[in-house]
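> Okay, here's the structure, questions in a sec.
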Amino acid sequence: HGSGGGRRRRGGAVLRVVPALVLVALAVAGPWLAPHAIDAPVTVPYAEPGDDAPLGGDQLGRDVLSRLLAGGRELIGTSLLVAVLVTGVSAALGAVAALRPAVGRFVERAADVLMLLPAVLGILLIALSWPDGGRLAVITAAVVMGVPYAVRLVTGAAAPIAASGYVEAATVGGERLLHLVVREVLPNLRATLLALFGLRFVAAVYIVATAGFLQVGPQPPAADWALMIRENAAGIVLNPWAVLAPSIAIGLLAMSVNLAASALVPRSGRKAVSAL
């Protein structure tokens with residue numbers, strides 16, 4: 001019975017991971033699969049779906065399907081980079097904060113201040129004050145907005161480990177802080193960090209999409225899902241797919257990655273991130 005239950009759990013985990021893998025693979029390969037150039041008009045503006053454009057045309061008559069296929073790669077790449085940076089920075093800060101209470105108090109107060117800043121306002125303050133704006137500004141804004149939440153979680157999960165006997169023994173033995181962080185604390189936070197990575201990826205998708213909707217980051221005529229929503233909102237009655245298709249794509253990406261992350265995380269990690 002135990003082996004059968006284990007196989008069922010593994011099968012269920014695979015089923016929850018597959019949609020995310022398929023969607024990410026489709027987004028990465030999308031630019032090569034697009035039937036038309038993303039900047040070439042093929043129909044009249046806001047044309048209804050037809051043979052040349054299965055999802056119709058956008059505000060300039062460009063093929064919505066081609067732009068949809070080409071618009072996910074940068075969003076996924078940016079969100080992945082943000083999730084890696086947020087998880088890495090939070091892991092280091094959280095472990096140090098748990099091992100050094102004085103540092104922990106400072107980190108906690110700084111996180112509290114940053115958490116008071118609304119996400120949209122934070123994006124605008126950072127991205128618009130950045131020279132030339134662009135993708136790097138959006139990444140910086142997303143990392144700054146994501147670290148405060150994540151570092152508090154890691155600090156809470158690392159505190160019991162920092163107080164454990166083997167860490168205290170290593171401290172008494174003269175081990176340096178770097179050794180304690182890398183060799184003693186972080187290896188015991190693998191489940192928590194994996195769960196955190198999945199959650200921060202989903203959060204990054206929404207932050208990067210919000211930046212695109214605000215036209216901070218990718219600029220026309222780039223094919224970007226959030227930018228497509230903004231550009232075609234005025235013609236939603238004429239061709240709803242120009243707005244619905246990228247909206248559905250963003251939602252499916254967030255849900256599928258969240259499902260995949262929850263399926264891969266051990267139970268201890270799921271409990272650790274229940275607060276988020």
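Residues are referred to by chain and number: the chain letter is A, B, ... according to the order shown in the structure tokens, the number counts from 1 in that chain, and ligands are numbered separately from 1 in the order shown.
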Region 91-94 of chain A: which residues within 12 Å, counting only C-alpha atoms, same-chain residues fewer than 4 positions away excluded, as a PyMOL selection string?
chain A and resi 83-87+98-101+103-108+110-111+147-159+161-162+177-182+185-190+192-194+196-197
> Quick one: contact table of region 100-186 of chain A to region 198-221 of chain A, 10 Å max, nearest atom pair and distance in Å to one decimal per residue, counting only C-alpha atoms, chain and number order, as a tab-separated table?

residue	atom	partner	partner_atom	distance
A:Ala119	CA	A:Ile207	CA	7.6
A:Val120	CA	A:Thr210	CA	7.5
A:Ile123	CA	A:Ala211	CA	6.8
A:Leu124	CA	A:Val216	CA	7.7
A:Ala127	CA	A:Val216	CA	6.7
A:Leu128	CA	A:Val216	CA	7.5
A:Asp132	CA	A:Gly217	CA	9.6
A:Gly133	CA	A:Gly217	CA	6.5
A:Gly134	CA	A:Gly217	CA	4.2
A:Arg135	CA	A:Gly217	CA	5.0
A:Leu136	CA	A:Gly217	CA	8.2
A:Ala137	CA	A:Gly217	CA	7.4
A:Val138	CA	A:Gly217	CA	6.1
A:Ile139	CA	A:Val208	CA	7.8
A:Ala141	CA	A:Ile207	CA	8.6
A:Ala142	CA	A:Ile207	CA	6.3
A:Val143	CA	A:Ala204	CA	8.4
A:Met145	CA	A:Ile207	CA	8.8
A:Gly146	CA	A:Arg200	CA	7.1
A:Val147	CA	A:Arg200	CA	9.2
A:Tyr149	CA	A:Arg200	CA	9.5
A:Ala150	CA	A:Arg200	CA	8.0
> Would you save the residues from that selection as a PDB file, in the first residue's frame, using C-alpha atoms?

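To be explicit, this is the file written out as selection_23.pdb:
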ATOM      1  CA  ALA A 119       3.648  47.706  -5.359  1.00  0.00           C
ATOM      2  CA  VAL A 120       2.518  50.012  -8.171  1.00  0.00           C
ATOM      3  CA  ILE A 123       7.499  50.178  -9.508  1.00  0.00           C
ATOM      4  CA  LEU A 124       6.914  53.741 -10.685  1.00  0.00           C
ATOM      5  CA  ALA A 127      11.583  52.412 -12.804  1.00  0.00           C
ATOM      6  CA  LEU A 128      10.834  56.033 -13.699  1.00  0.00           C
ATOM      7  CA  ASP A 132      16.493  55.079 -19.614  1.00  0.00           C
ATOM      8  CA  GLY A 133      14.136  52.761 -17.667  1.00  0.00           C
ATOM      9  CA  GLY A 134      13.820  49.438 -19.460  1.00  0.00           C
ATOM     10  CA  ARG A 135      14.090  45.814 -18.411  1.00  0.00           C
ATOM     11  CA  LEU A 136      16.843  46.353 -15.817  1.00  0.00           C
ATOM     12  CA  ALA A 137      14.718  48.949 -14.036  1.00  0.00           C
ATOM     13  CA  VAL A 138      11.760  46.556 -13.898  1.00  0.00           C
ATOM     14  CA  ILE A 139      13.971  43.752 -12.530  1.00  0.00           C
ATOM     15  CA  ALA A 141      11.876  47.242  -8.866  1.00  0.00           C
ATOM     16  CA  ALA A 142      10.566  43.673  -8.672  1.00  0.00           C
ATOM     17  CA  VAL A 143      13.504  42.546  -6.515  1.00  0.00           C
ATOM     18  CA  MET A 145       9.433  44.876  -3.787  1.00  0.00           C
ATOM     19  CA  GLY A 146       9.848  41.120  -3.328  1.00  0.00           C
ATOM     20  CA  VAL A 147      12.735  40.849  -0.852  1.00  0.00           C
ATOM     21  CA  TYR A 149       8.251  39.642   2.231  1.00  0.00           C
ATOM     22  CA  ALA A 150      10.662  36.832   1.467  1.00  0.00           C
TER      23      ALA A 150
END
> Give me, as a PyMOL selection string, all polymer residues having an atom no more than 9 Å from Val64 (chain A), counting only C-alpha atoms and skipping those fewer than 2 positions away in the same chain.
chain A and resi 38+53-58+61-62+66-69+228+241-242+245
> From the set A:Leu33, A:Val144, A:Ala233, A:Ala95, which residue has the shortest atom-to-atom contact distance to Leu117 (chain A), counting only C-alpha atoms?
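Smallest distance to Leu117 (chain A) is found for A:Val144.
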> Any idea what's packed within 10 Å of Val24 (chain A), counting only C-alpha atoms, ignoring anything in its chain fewer than 6 positions away? Could you give it as a list of chain:residue names?
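With the cut-off at 10 Å, the set is A:Val18, A:Gly30, A:Gly72, A:Arg73, A:Ile76, A:Gly77, A:Leu253, A:Ser256, A:Val257.
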> Can you list every residue in region 9-238 of chain A that DSSP puts in helix (DSSP H, G or I), as a ChimeraX atom specification?
/A:9-33,64-70,73-99,101-115,119-129,135-162,165-172,177-213,225-235
